[in-house]
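Worksheet: the structure to be examined is printed underneath.
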Amino acid sequence: MSANTRTVQLPSLLSREDDPVARDVVEGLARVQTSVPVAWWTLSSFFDVASQEPDLSDWADSMRARYVDVPRSA
């Protein structure tokens, strides 16, 4: 790690967009601790970003097919 590299802590919750609890969890965590930001990433947005990296694009596409592009049971 170079002297100019800065490490940033960012607790993140990954979930499907239709997860009814995920956003509430992130908001609750952010309320109880204010020194470190907390983020909610949907799996879809995470895989979008990962697919832009050449070394991750195949993995991101297969994970999207497995976890995002599947019909939800009623």
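Going through the structure tokens in order, the chains are called A, B, and so on, while each chain numbers its residues from 1 and the ligands are numbered from 1 in the order shown.
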
Legend entry - Close residues, A:Ser15 itself excluded, 7 Å, only C-alpha atoms, min 5 positions apart in chain, as a PyMOL selection string: chain A and resi 22+41-43

Legend entry - Who sits within 10 Å of A:Leu56, only C-alpha atoms, same chain under 6 positions skipped, as a PyMOL selection string: chain A and resi 47+49-50

Go ahead and write the selection's residues with C-alpha atoms as an mmCIF file, in the first residue's frame.
data_model
loop_
_atom_site.group_PDB
_atom_site.id
_atom_site.type_symbol
_atom_site.label_atom_id
_atom_site.label_comp_id
_atom_site.auth_asym_id
_atom_site.auth_seq_id
_atom_site.Cartn_x
_atom_site.Cartn_y
_atom_site.Cartn_z
ATOM 1 C CA PHE A 47 -23.241 -6.470 -10.320
ATOM 2 C CA VAL A 49 -20.446 -1.936 -11.251
ATOM 3 C CA ALA A 50 -18.584 -5.257 -11.086
#

Inset, instruction - Tell me, in Å to one decimal, how far atom CA of A:Ser45 is from atom CA of A:Ser12. - result: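 Taking atom CA of A:Ser45 as the start and atom CA of A:Ser12 as the end point, the length is 12.7 Å.
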
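From atom CA of A:Thr5 back to atom CA of A:Val26, the distance works out to 27.2 Å.
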
Inset, instruction - Can you work out the spacing between atom CA of A:Val68 and atom CA of A:Leu10 in Å, to one decimal? - result: 23.3 Å

Inset, instruction - Please identify which residues in chain A DSSP calls helix (DSSP H, G or I) from the backbone, and express them as a PyMOL selection string. - result: chain A and resi 22-32+43-51+57-67

Inset, instruction - Step one, run DSSP on the backbone; step two, keep only residues of chain A assigned to strand (DSSP E or B); then write them as a PyMOL selection string. - result: chain A and resi 12-15+39-42

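Residue nearest A:Leu29 within the list A:Val8, A:Val70, A:Leu13, A:Ala65: A:Leu13 [criterion: smallest interatomic distance, only C-alpha atoms].
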
Spatial neighbours of A:Tyr67, max dist 9 Å, only C-alpha atoms, sep filter under 3 positions, as a PDB file with all heavy atoms, in the first residue's frame:
ATOM      1  N   ARG A  16     -31.389  -8.031  -2.529  1.00  0.00           N
ATOM      2  CA  ARG A  16     -32.246  -7.830  -3.693  1.00  0.00           C
ATOM      3  C   ARG A  16     -33.006  -6.519  -3.508  1.00  0.00           C
ATOM      4  O   ARG A  16     -33.245  -6.078  -2.392  1.00  0.00           O
ATOM      5  CB  ARG A  16     -33.232  -8.980  -3.826  1.00  0.00           C
ATOM      6  CG  ARG A  16     -32.572 -10.291  -4.233  1.00  0.00           C
ATOM      7  CD  ARG A  16     -33.608 -11.397  -4.311  1.00  0.00           C
ATOM      8  NE  ARG A  16     -34.668 -11.058  -5.251  1.00  0.00           N
ATOM      9  CZ  ARG A  16     -34.801 -11.613  -6.458  1.00  0.00           C
ATOM     10  NH1 ARG A  16     -33.951 -12.521  -6.858  1.00  0.00           N
ATOM     11  NH2 ARG A  16     -35.792 -11.262  -7.246  1.00  0.00           N
ATOM     12  N   LEU A  43     -28.208  -5.894  -5.158  1.00  0.00           N
ATOM     13  CA  LEU A  43     -27.368  -6.830  -5.911  1.00  0.00           C
ATOM     14  C   LEU A  43     -27.238  -6.379  -7.355  1.00  0.00           C
ATOM     15  O   LEU A  43     -26.173  -6.464  -7.961  1.00  0.00           O
ATOM     16  CB  LEU A  43     -27.961  -8.238  -5.849  1.00  0.00           C
ATOM     17  CG  LEU A  43     -27.880  -8.926  -4.491  1.00  0.00           C
ATOM     18  CD1 LEU A  43     -28.663 -10.234  -4.509  1.00  0.00           C
ATOM     19  CD2 LEU A  43     -26.444  -9.186  -4.098  1.00  0.00           C
ATOM     20  N   SER A  44     -28.320  -5.881  -7.907  1.00  0.00           N
ATOM     21  CA  SER A  44     -28.311  -5.435  -9.295  1.00  0.00           C
ATOM     22  C   SER A  44     -27.290  -4.324  -9.518  1.00  0.00           C
ATOM     23  O   SER A  44     -26.482  -4.377 -10.453  1.00  0.00           O
ATOM     24  CB  SER A  44     -29.710  -4.963  -9.689  1.00  0.00           C
ATOM     25  OG  SER A  44     -29.732  -4.578 -11.039  1.00  0.00           O
ATOM     26  N   SER A  62     -22.728 -13.975 -14.371  1.00  0.00           N
ATOM     27  CA  SER A  62     -23.242 -15.256 -13.874  1.00  0.00           C
ATOM     28  C   SER A  62     -23.951 -15.083 -12.533  1.00  0.00           C
ATOM     29  O   SER A  62     -24.975 -15.725 -12.276  1.00  0.00           O
ATOM     30  CB  SER A  62     -22.130 -16.298 -13.771  1.00  0.00           C
ATOM     31  OG  SER A  62     -21.200 -15.958 -12.772  1.00  0.00           O
ATOM     32  N   MET A  63     -23.446 -14.198 -11.690  1.00  0.00           N
ATOM     33  CA  MET A  63     -24.104 -13.952 -10.405  1.00  0.00           C
ATOM     34  C   MET A  63     -25.444 -13.250 -10.606  1.00  0.00           C
ATOM     35  O   MET A  63     -26.417 -13.537  -9.910  1.00  0.00           O
ATOM     36  CB  MET A  63     -23.196 -13.132  -9.497  1.00  0.00           C
ATOM     37  CG  MET A  63     -21.917 -13.862  -9.106  1.00  0.00           C
ATOM     38  SD  MET A  63     -22.216 -15.395  -8.207  1.00  0.00           S
ATOM     39  CE  MET A  63     -22.597 -14.744  -6.608  1.00  0.00           C
ATOM     40  N   ARG A  64     -25.501 -12.329 -11.553  1.00  0.00           N
ATOM     41  CA  ARG A  64     -26.762 -11.655 -11.851  1.00  0.00           C
ATOM     42  C   ARG A  64     -27.797 -12.682 -12.323  1.00  0.00           C
ATOM     43  O   ARG A  64     -28.941 -12.671 -11.867  1.00  0.00           O
ATOM     44  CB  ARG A  64     -26.582 -10.587 -12.922  1.00  0.00           C
ATOM     45  CG  ARG A  64     -27.905  -9.962 -13.366  1.00  0.00           C
ATOM     46  CD  ARG A  64     -27.723  -9.010 -14.520  1.00  0.00           C
ATOM     47  NE  ARG A  64     -26.891  -7.878 -14.158  1.00  0.00           N
ATOM     48  CZ  ARG A  64     -27.316  -6.859 -13.410  1.00  0.00           C
ATOM     49  NH1 ARG A  64     -28.534  -6.840 -12.945  1.00  0.00           N
ATOM     50  NH2 ARG A  64     -26.511  -5.871 -13.137  1.00  0.00           N
ATOM     51  N   VAL A  70     -33.929 -14.013 -11.688  1.00  0.00           N
ATOM     52  CA  VAL A  70     -34.719 -15.230 -11.444  1.00  0.00           C
ATOM     53  C   VAL A  70     -36.122 -14.829 -11.000  1.00  0.00           C
ATOM     54  O   VAL A  70     -36.283 -13.850 -10.267  1.00  0.00           O
ATOM     55  CB  VAL A  70     -34.071 -16.146 -10.390  1.00  0.00           C
ATOM     56  CG1 VAL A  70     -32.747 -16.694 -10.878  1.00  0.00           C
ATOM     57  CG2 VAL A  70     -33.872 -15.415  -9.078  1.00  0.00           C
TER      58      VAL A  70
END
